[in-house]
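Here is query.cif, consisting of mmCIF, N, CA and C atoms:
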```
data_entry
#
loop_
_atom_site.group_PDB
_atom_site.id
_atom_site.type_symbol
_atom_site.label_atom_id
_atom_site.label_comp_id
_atom_site.auth_asym_id
_atom_site.auth_seq_id
_atom_site.Cartn_x
_atom_site.Cartn_y
_atom_site.Cartn_z
ATOM 1 N N MET A 1 -154.409 -14.770 17.313
ATOM 2 C CA MET A 1 -154.669 -14.537 15.915
ATOM 3 C C MET A 1 -154.430 -13.074 15.558
ATOM 4 N N PHE A 2 -154.921 -12.156 16.368
ATOM 5 C CA PHE A 2 -154.801 -10.738 16.050
ATOM 6 C C PHE A 2 -153.376 -10.222 16.195
ATOM 7 N N LEU A 3 -152.540 -10.960 16.889
ATOM 8 C CA LEU A 3 -151.153 -10.548 17.029
ATOM 9 C C LEU A 3 -150.331 -10.877 15.788
ATOM 10 N N SER A 4 -150.802 -11.807 14.970
ATOM 11 C CA SER A 4 -149.993 -12.256 13.841
ATOM 12 C C SER A 4 -150.593 -11.964 12.472
ATOM 13 N N THR A 5 -151.767 -11.392 12.386
ATOM 14 C CA THR A 5 -152.357 -11.085 11.086
ATOM 15 C C THR A 5 -151.674 -9.861 10.486
ATOM 16 N N SER A 6 -151.684 -9.772 9.171
ATOM 17 C CA SER A 6 -151.041 -8.623 8.524
ATOM 18 C C SER A 6 -151.885 -7.358 8.682
ATOM 19 N N GLU A 7 -153.184 -7.493 8.648
ATOM 20 C CA GLU A 7 -154.094 -6.350 8.827
ATOM 21 C C GLU A 7 -154.831 -6.507 10.147
ATOM 22 N N LEU A 8 -154.969 -5.412 10.859
ATOM 23 C CA LEU A 8 -155.668 -5.435 12.139
ATOM 24 C C LEU A 8 -157.111 -5.018 11.913
ATOM 25 N N ASP A 9 -158.045 -5.893 12.218
ATOM 26 C CA ASP A 9 -159.469 -5.609 12.053
ATOM 27 C C ASP A 9 -159.984 -4.929 13.322
ATOM 28 N N VAL A 10 -159.851 -3.609 13.364
ATOM 29 C CA VAL A 10 -160.211 -2.834 14.546
ATOM 30 C C VAL A 10 -161.708 -2.939 14.830
ATOM 31 N N ALA A 11 -162.522 -2.905 13.789
ATOM 32 C CA ALA A 11 -163.975 -2.989 13.977
ATOM 33 C C ALA A 11 -164.365 -4.310 14.648
ATOM 34 N N LEU A 12 -163.763 -5.397 14.225
ATOM 35 C CA LEU A 12 -164.053 -6.698 14.832
ATOM 36 C C LEU A 12 -163.588 -6.730 16.280
ATOM 37 N N LEU A 13 -162.409 -6.205 16.537
ATOM 38 C CA LEU A 13 -161.908 -6.167 17.914
ATOM 39 C C LEU A 13 -162.803 -5.312 18.810
ATOM 40 N N LYS A 14 -163.323 -4.220 18.285
ATOM 41 C CA LYS A 14 -164.238 -3.381 19.066
ATOM 42 C C LYS A 14 -165.510 -4.141 19.411
ATOM 43 N N ARG A 15 -166.024 -4.902 18.441
ATOM 44 C CA ARG A 15 -167.226 -5.705 18.704
ATOM 45 C C ARG A 15 -166.943 -6.795 19.727
ATOM 46 N N LEU A 16 -165.788 -7.454 19.597
ATOM 47 C CA LEU A 16 -165.412 -8.490 20.558
ATOM 48 C C LEU A 16 -165.261 -7.910 21.960
ATOM 49 N N MET A 17 -164.640 -6.742 22.043
ATOM 50 C CA MET A 17 -164.458 -6.114 23.343
ATOM 51 C C MET A 17 -165.800 -5.715 23.961
ATOM 52 N N ALA A 18 -166.701 -5.196 23.144
ATOM 53 C CA ALA A 18 -168.022 -4.806 23.653
ATOM 54 C C ALA A 18 -168.752 -6.016 24.219
ATOM 55 N N LYS A 19 -168.700 -7.130 23.518
ATOM 56 C CA LYS A 19 -169.350 -8.353 24.003
ATOM 57 C C LYS A 19 -168.657 -8.869 25.259
ATOM 58 N N ALA A 20 -167.330 -8.837 25.259
ATOM 59 C CA ALA A 20 -166.579 -9.289 26.434
ATOM 60 C C ALA A 20 -166.919 -8.427 27.645
ATOM 61 N N ALA A 21 -167.041 -7.134 27.442
ATOM 62 C CA ALA A 21 -167.410 -6.234 28.541
ATOM 63 C C ALA A 21 -168.822 -6.543 29.029
ATOM 64 N N GLU A 22 -169.706 -6.787 28.100
ATOM 65 C CA GLU A 22 -171.099 -7.086 28.446
ATOM 66 C C GLU A 22 -171.218 -8.337 29.312
ATOM 67 N N ILE A 23 -170.432 -9.361 28.988
ATOM 68 C CA ILE A 23 -170.523 -10.614 29.747
ATOM 69 C C ILE A 23 -169.439 -10.727 30.815
ATOM 70 N N LYS A 24 -168.705 -9.618 31.011
ATOM 71 C CA LYS A 24 -167.657 -9.544 32.034
ATOM 72 C C LYS A 24 -166.573 -10.609 31.835
ATOM 73 N N ASP A 25 -166.153 -10.749 30.592
ATOM 74 C CA ASP A 25 -165.099 -11.688 30.215
ATOM 75 C C ASP A 25 -163.756 -10.963 30.289
ATOM 76 N N VAL A 26 -163.180 -10.918 31.478
ATOM 77 C CA VAL A 26 -161.936 -10.182 31.723
ATOM 78 C C VAL A 26 -160.788 -10.678 30.842
ATOM 79 N N PRO A 27 -160.564 -11.981 30.710
ATOM 80 C CA PRO A 27 -159.436 -12.424 29.880
ATOM 81 C C PRO A 27 -159.512 -11.919 28.426
ATOM 82 N N SER A 28 -160.698 -11.856 27.875
ATOM 83 C CA SER A 28 -160.825 -11.368 26.499
ATOM 84 C C SER A 28 -160.535 -9.875 26.403
ATOM 85 N N VAL A 29 -160.973 -9.110 27.380
ATOM 86 C CA VAL A 29 -160.671 -7.673 27.383
ATOM 87 C C VAL A 29 -159.167 -7.473 27.545
ATOM 88 N N ARG A 30 -158.543 -8.279 28.391
ATOM 89 C CA ARG A 30 -157.081 -8.212 28.541
ATOM 90 C C ARG A 30 -156.379 -8.485 27.221
ATOM 91 N N GLN A 31 -156.894 -9.412 26.443
ATOM 92 C CA GLN A 31 -156.294 -9.715 25.149
ATOM 93 C C GLN A 31 -156.429 -8.544 24.178
ATOM 94 N N VAL A 32 -157.534 -7.823 24.252
ATOM 95 C CA VAL A 32 -157.691 -6.624 23.422
ATOM 96 C C VAL A 32 -156.612 -5.606 23.790
ATOM 97 N N VAL A 33 -156.355 -5.449 25.071
ATOM 98 C CA VAL A 33 -155.282 -4.556 25.528
ATOM 99 C C VAL A 33 -153.948 -5.015 24.942
ATOM 100 N N ALA A 34 -153.678 -6.289 25.027
ATOM 101 C CA ALA A 34 -152.408 -6.827 24.527
ATOM 102 C C ALA A 34 -152.270 -6.605 23.023
ATOM 103 N N VAL A 35 -153.318 -6.833 22.281
ATOM 104 C CA VAL A 35 -153.275 -6.629 20.829
ATOM 105 C C VAL A 35 -153.078 -5.150 20.510
ATOM 106 N N ALA A 36 -153.802 -4.282 21.181
ATOM 107 C CA ALA A 36 -153.679 -2.845 20.925
ATOM 108 C C ALA A 36 -152.257 -2.369 21.190
ATOM 109 N N ILE A 37 -151.669 -2.812 22.275
ATOM 110 C CA ILE A 37 -150.303 -2.396 22.601
ATOM 111 C C ILE A 37 -149.301 -3.015 21.626
ATOM 112 N N ALA A 38 -149.485 -4.278 21.299
ATOM 113 C CA ALA A 38 -148.548 -4.956 20.395
ATOM 114 C C ALA A 38 -148.597 -4.383 18.985
ATOM 115 N N ARG A 39 -149.745 -3.878 18.576
ATOM 116 C CA ARG A 39 -149.911 -3.468 17.179
ATOM 117 C C ARG A 39 -149.992 -1.962 16.970
ATOM 118 N N TRP A 40 -149.914 -1.157 18.027
ATOM 119 C CA TRP A 40 -150.149 0.285 17.868
ATOM 120 C C TRP A 40 -149.125 0.953 16.966
ATOM 121 N N GLU A 41 -147.881 0.494 16.981
ATOM 122 C CA GLU A 41 -146.866 1.136 16.137
ATOM 123 C C GLU A 41 -147.147 0.927 14.651
ATOM 124 N N SER A 42 -147.601 -0.259 14.288
ATOM 125 C CA SER A 42 -147.877 -0.539 12.872
ATOM 126 C C SER A 42 -149.279 -0.098 12.459
ATOM 127 N N ALA A 43 -150.226 -0.138 13.382
ATOM 128 C CA ALA A 43 -151.615 0.193 13.046
ATOM 129 C C ALA A 43 -151.933 1.672 13.254
ATOM 130 N N GLY A 44 -151.119 2.362 14.023
ATOM 131 C CA GLY A 44 -151.338 3.782 14.228
ATOM 132 C C GLY A 44 -151.940 4.087 15.591
ATOM 133 N N GLU A 45 -151.823 5.339 15.964
ATOM 134 C CA GLU A 45 -152.286 5.786 17.277
ATOM 135 C C GLU A 45 -153.797 5.674 17.446
ATOM 136 N N ALA A 46 -154.541 5.607 16.352
ATOM 137 C CA ALA A 46 -155.996 5.459 16.448
ATOM 138 C C ALA A 46 -156.366 4.180 17.201
ATOM 139 N N VAL A 47 -155.508 3.167 17.122
ATOM 140 C CA VAL A 47 -155.745 1.909 17.841
ATOM 141 C C VAL A 47 -155.782 2.153 19.346
ATOM 142 N N LEU A 48 -154.989 3.094 19.799
ATOM 143 C CA LEU A 48 -154.989 3.416 21.224
ATOM 144 C C LEU A 48 -156.320 4.017 21.635
ATOM 145 N N VAL A 49 -156.806 4.937 20.833
ATOM 146 C CA VAL A 49 -158.068 5.621 21.147
ATOM 147 C C VAL A 49 -159.263 4.683 20.985
ATOM 148 N N GLU A 50 -159.236 3.864 19.942
ATOM 149 C CA GLU A 50 -160.383 3.006 19.647
ATOM 150 C C GLU A 50 -160.405 1.704 20.436
ATOM 151 N N LEU A 51 -159.235 1.207 20.847
ATOM 152 C CA LEU A 51 -159.188 -0.089 21.522
ATOM 153 C C LEU A 51 -158.578 -0.026 22.918
ATOM 154 N N LEU A 52 -157.364 0.489 23.008
ATOM 155 C CA LEU A 52 -156.647 0.425 24.284
ATOM 156 C C LEU A 52 -157.352 1.198 25.385
ATOM 157 N N PHE A 53 -157.624 2.463 25.161
ATOM 158 C CA PHE A 53 -158.206 3.279 26.223
ATOM 159 C C PHE A 53 -159.597 2.781 26.641
ATOM 160 N N PRO A 54 -160.475 2.419 25.678
ATOM 161 C CA PRO A 54 -161.766 1.853 26.098
ATOM 162 C C PRO A 54 -161.619 0.525 26.858
ATOM 163 N N ALA A 55 -160.676 -0.317 26.430
ATOM 164 C CA ALA A 55 -160.464 -1.595 27.129
ATOM 165 C C ALA A 55 -159.968 -1.357 28.547
ATOM 166 N N LEU A 56 -159.068 -0.395 28.706
ATOM 167 C CA LEU A 56 -158.600 -0.071 30.058
ATOM 168 C C LEU A 56 -159.725 0.500 30.916
ATOM 169 N N ASP A 57 -160.619 1.268 30.308
ATOM 170 C CA ASP A 57 -161.793 1.767 31.045
ATOM 171 C C ASP A 57 -162.663 0.606 31.533
ATOM 172 N N VAL A 58 -162.871 -0.377 30.663
ATOM 173 C CA VAL A 58 -163.670 -1.552 31.038
ATOM 174 C C VAL A 58 -163.002 -2.302 32.185
ATOM 175 N N LEU A 59 -161.701 -2.522 32.070
ATOM 176 C CA LEU A 59 -161.001 -3.251 33.125
ATOM 177 C C LEU A 59 -160.975 -2.462 34.434
ATOM 178 N N THR A 60 -160.872 -1.151 34.342
ATOM 179 C CA THR A 60 -160.918 -0.324 35.548
ATOM 180 C C THR A 60 -162.281 -0.448 36.212
ATOM 181 N N GLU A 61 -163.313 -0.421 35.410
ATOM 182 C CA GLU A 61 -164.676 -0.587 35.942
ATOM 183 C C GLU A 61 -164.834 -1.950 36.622
ATOM 184 N N MET A 62 -164.157 -2.956 36.082
ATOM 185 C CA MET A 62 -164.224 -4.307 36.647
ATOM 186 C C MET A 62 -163.225 -4.495 37.795
ATOM 187 N N LYS A 63 -162.465 -3.427 38.088
ATOM 188 C CA LYS A 63 -161.457 -3.459 39.150
ATOM 189 C C LYS A 63 -160.407 -4.549 38.903
ATOM 190 N N ASP A 64 -159.928 -4.598 37.647
ATOM 191 C CA ASP A 64 -158.943 -5.596 37.260
ATOM 192 C C ASP A 64 -157.746 -4.911 36.610
ATOM 193 N N ALA A 65 -156.577 -5.096 37.178
ATOM 194 C CA ALA A 65 -155.359 -4.503 36.634
ATOM 195 C C ALA A 65 -154.402 -5.561 36.097
ATOM 196 N N SER A 66 -154.887 -6.752 35.902
ATOM 197 C CA SER A 66 -154.003 -7.849 35.498
ATOM 198 C C SER A 66 -153.526 -7.740 34.052
ATOM 199 N N TRP A 67 -154.049 -6.786 33.288
ATOM 200 C CA TRP A 67 -153.608 -6.609 31.907
ATOM 201 C C TRP A 67 -152.101 -6.394 31.818
ATOM 202 N N ILE A 68 -151.529 -5.821 32.843
ATOM 203 C CA ILE A 68 -150.101 -5.518 32.806
ATOM 204 C C ILE A 68 -149.266 -6.784 32.632
ATOM 205 N N PHE A 69 -149.765 -7.914 33.146
ATOM 206 C CA PHE A 69 -149.031 -9.176 33.022
ATOM 207 C C PHE A 69 -149.017 -9.695 31.576
ATOM 208 N N GLU A 70 -149.939 -9.202 30.759
ATOM 209 C CA GLU A 70 -149.992 -9.598 29.347
ATOM 210 C C GLU A 70 -148.985 -8.818 28.499
ATOM 211 N N VAL A 71 -148.550 -7.641 28.983
ATOM 212 C CA VAL A 71 -147.778 -6.758 28.101
ATOM 213 C C VAL A 71 -146.463 -6.236 28.665
ATOM 214 N N TRP A 72 -146.173 -6.445 29.922
ATOM 215 C CA TRP A 72 -145.021 -5.805 30.548
ATOM 216 C C TRP A 72 -143.709 -6.089 29.825
ATOM 217 N N PHE A 73 -143.609 -7.229 29.172
ATOM 218 C CA PHE A 73 -142.367 -7.666 28.532
ATOM 219 C C PHE A 73 -142.250 -7.228 27.076
ATOM 220 N N ARG A 74 -143.287 -6.624 26.517
ATOM 221 C CA ARG A 74 -143.294 -6.283 25.095
ATOM 222 C C ARG A 74 -142.523 -4.997 24.823
ATOM 223 N N LYS A 75 -141.697 -5.021 23.806
ATOM 224 C CA LYS A 75 -140.961 -3.824 23.379
ATOM 225 C C LYS A 75 -141.942 -2.706 23.021
ATOM 226 N N GLU A 76 -143.053 -3.066 22.408
ATOM 227 C CA GLU A 76 -144.044 -2.065 22.005
ATOM 228 C C GLU A 76 -144.632 -1.342 23.213
ATOM 229 N N ALA A 77 -144.784 -2.055 24.321
ATOM 230 C CA ALA A 77 -145.297 -1.426 25.542
ATOM 231 C C ALA A 77 -144.296 -0.413 26.069
ATOM 232 N N ARG A 78 -143.044 -0.789 26.067
ATOM 233 C CA ARG A 78 -141.994 0.128 26.523
ATOM 234 C C ARG A 78 -141.999 1.388 25.658
ATOM 235 N N ASN A 79 -142.101 1.214 24.335
ATOM 236 C CA ASN A 79 -142.138 2.354 23.423
ATOM 237 C C ASN A 79 -143.381 3.214 23.656
ATOM 238 N N LEU A 80 -144.501 2.566 23.902
ATOM 239 C CA LEU A 80 -145.741 3.295 24.158
ATOM 240 C C LEU A 80 -145.637 4.109 25.438
ATOM 241 N N PHE A 81 -145.221 3.477 26.512
ATOM 242 C CA PHE A 81 -145.175 4.169 27.801
ATOM 243 C C PHE A 81 -144.100 5.251 27.823
ATOM 244 N N THR A 82 -143.008 5.029 27.117
ATOM 245 C CA THR A 82 -141.955 6.032 27.052
ATOM 246 C C THR A 82 -142.432 7.280 26.305
ATOM 247 N N GLY A 83 -143.197 7.084 25.248
ATOM 248 C CA GLY A 83 -143.640 8.216 24.432
ATOM 249 C C GLY A 83 -145.037 8.693 24.733
ATOM 250 N N MET A 84 -145.623 8.267 25.840
ATOM 251 C CA MET A 84 -147.018 8.578 26.141
ATOM 252 C C MET A 84 -147.323 10.080 26.147
ATOM 253 N N ASP A 85 -146.375 10.902 26.568
ATOM 254 C CA ASP A 85 -146.616 12.353 26.608
ATOM 255 C C ASP A 85 -146.777 12.949 25.216
ATOM 256 N N THR A 86 -146.217 12.313 24.196
ATOM 257 C CA THR A 86 -146.289 12.864 22.846
ATOM 258 C C THR A 86 -147.405 12.259 22.010
ATOM 259 N N ILE A 87 -148.088 11.253 22.529
ATOM 260 C CA ILE A 87 -149.151 10.578 21.792
ATOM 261 C C ILE A 87 -150.459 11.316 22.011
ATOM 262 N N GLY A 88 -151.206 11.446 20.914
ATOM 263 C CA GLY A 88 -152.533 12.045 20.999
ATOM 264 C C GLY A 88 -152.443 13.482 20.835
#
```

Could I get this structure in the form of structure tokens?
Amino acid sequence: MFLSTSELDVALLKRLMAKAAEIKDVPSVRQVVAVAIARWESAGEAVLVELLFPALDVLTEMKDASWIFEVWFRKEARNLFTGMDTIG
């Protein structure tokens, strides 16, 4: 749903991620990563700070790196990783 909506509800995604982290719902946190990466170009770099980086922190704490399988093929991921030195 969050990949196809015209407006990205960052506040709702933050709440969903917090709950997913609380109950250790790895697939949901992975989806937050996927949405943040897929939508960062249109939603702005704040999405990275507010969603992507905290979600990656949660997954790191859970010792889970499977998020990469959700995004490796996305053009937006390639653009993000290529320009990472200039972001922020």

- Message: Considering only N, CA and C atoms, can you say which of A:Leu12, A:Ala65, A:Arg78, A:Leu52 comes closest to Val35 of chain A?
- Response: A:Leu52

- Report as a ChimeraX atom specification the full result of the PyMOL selection byres ((chain A and resi 30) around 8) when it is applied to this structure. /A:25-29,31-36,55-56,59,66-68,70

- Note on the structure: The residue from A:Glu50, A:Ala43, A:Met62, A:Lys75 with the smallest atom-to-atom distance to Glu7 of chain A, counting all atoms listed in the file, is A:Ala43

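Rounded to one decimal, atom N of Phe69 of chain A and atom CA of Gly44 of chain A lie 22.3 Å from each other.
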
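The space between atom CA of Phe81 of chain A and atom CA of Ile23 of chain A spans 29.4 Å.
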
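The gap separating atom C of Leu8 of chain A from atom C of Ser42 of chain A is 9.3 Å, in Å to one decimal.
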
- Message: as a VMD selection string, please: every residue in chain A that a backbone DSSP assignment puts in alpha helix (DSSP H).
- Response: chain A and resid 10 to 22 26 to 43 46 to 47 53 to 61 68 to 71 75 to 82

Within 8 Å of Ala38 of chain A using all atoms listed in the file, minus same-chain residues under 6 positions, as a PDB file with N, CA and C atoms, in the coordinates of the input:
```
ATOM      1  N   LEU A   3    -152.540 -10.960  16.889  1.00  0.00           N
ATOM      2  CA  LEU A   3    -151.153 -10.548  17.029  1.00  0.00           C
ATOM      3  C   LEU A   3    -150.331 -10.877  15.788  1.00  0.00           C
ATOM      4  N   VAL A  32    -157.534  -7.823  24.252  1.00  0.00           N
ATOM      5  CA  VAL A  32    -157.691  -6.624  23.422  1.00  0.00           C
ATOM      6  C   VAL A  32    -156.612  -5.606  23.790  1.00  0.00           C
ATOM      7  N   VAL A  71    -148.550  -7.641  28.983  1.00  0.00           N
ATOM      8  CA  VAL A  71    -147.778  -6.758  28.101  1.00  0.00           C
ATOM      9  C   VAL A  71    -146.463  -6.236  28.665  1.00  0.00           C
ATOM     10  N   ARG A  74    -143.287  -6.624  26.517  1.00  0.00           N
ATOM     11  CA  ARG A  74    -143.294  -6.283  25.095  1.00  0.00           C
ATOM     12  C   ARG A  74    -142.523  -4.997  24.823  1.00  0.00           C
ATOM     13  N   LYS A  75    -141.697  -5.021  23.806  1.00  0.00           N
ATOM     14  CA  LYS A  75    -140.961  -3.824  23.379  1.00  0.00           C
ATOM     15  C   LYS A  75    -141.942  -2.706  23.021  1.00  0.00           C
ATOM     16  N   GLU A  76    -143.053  -3.066  22.408  1.00  0.00           N
ATOM     17  CA  GLU A  76    -144.044  -2.065  22.005  1.00  0.00           C
ATOM     18  C   GLU A  76    -144.632  -1.342  23.213  1.00  0.00           C
ATOM     19  N   ALA A  77    -144.784  -2.055  24.321  1.00  0.00           N
ATOM     20  CA  ALA A  77    -145.297  -1.426  25.542  1.00  0.00           C
ATOM     21  C   ALA A  77    -144.296  -0.413  26.069  1.00  0.00           C
TER      22      ALA A  77
END
```
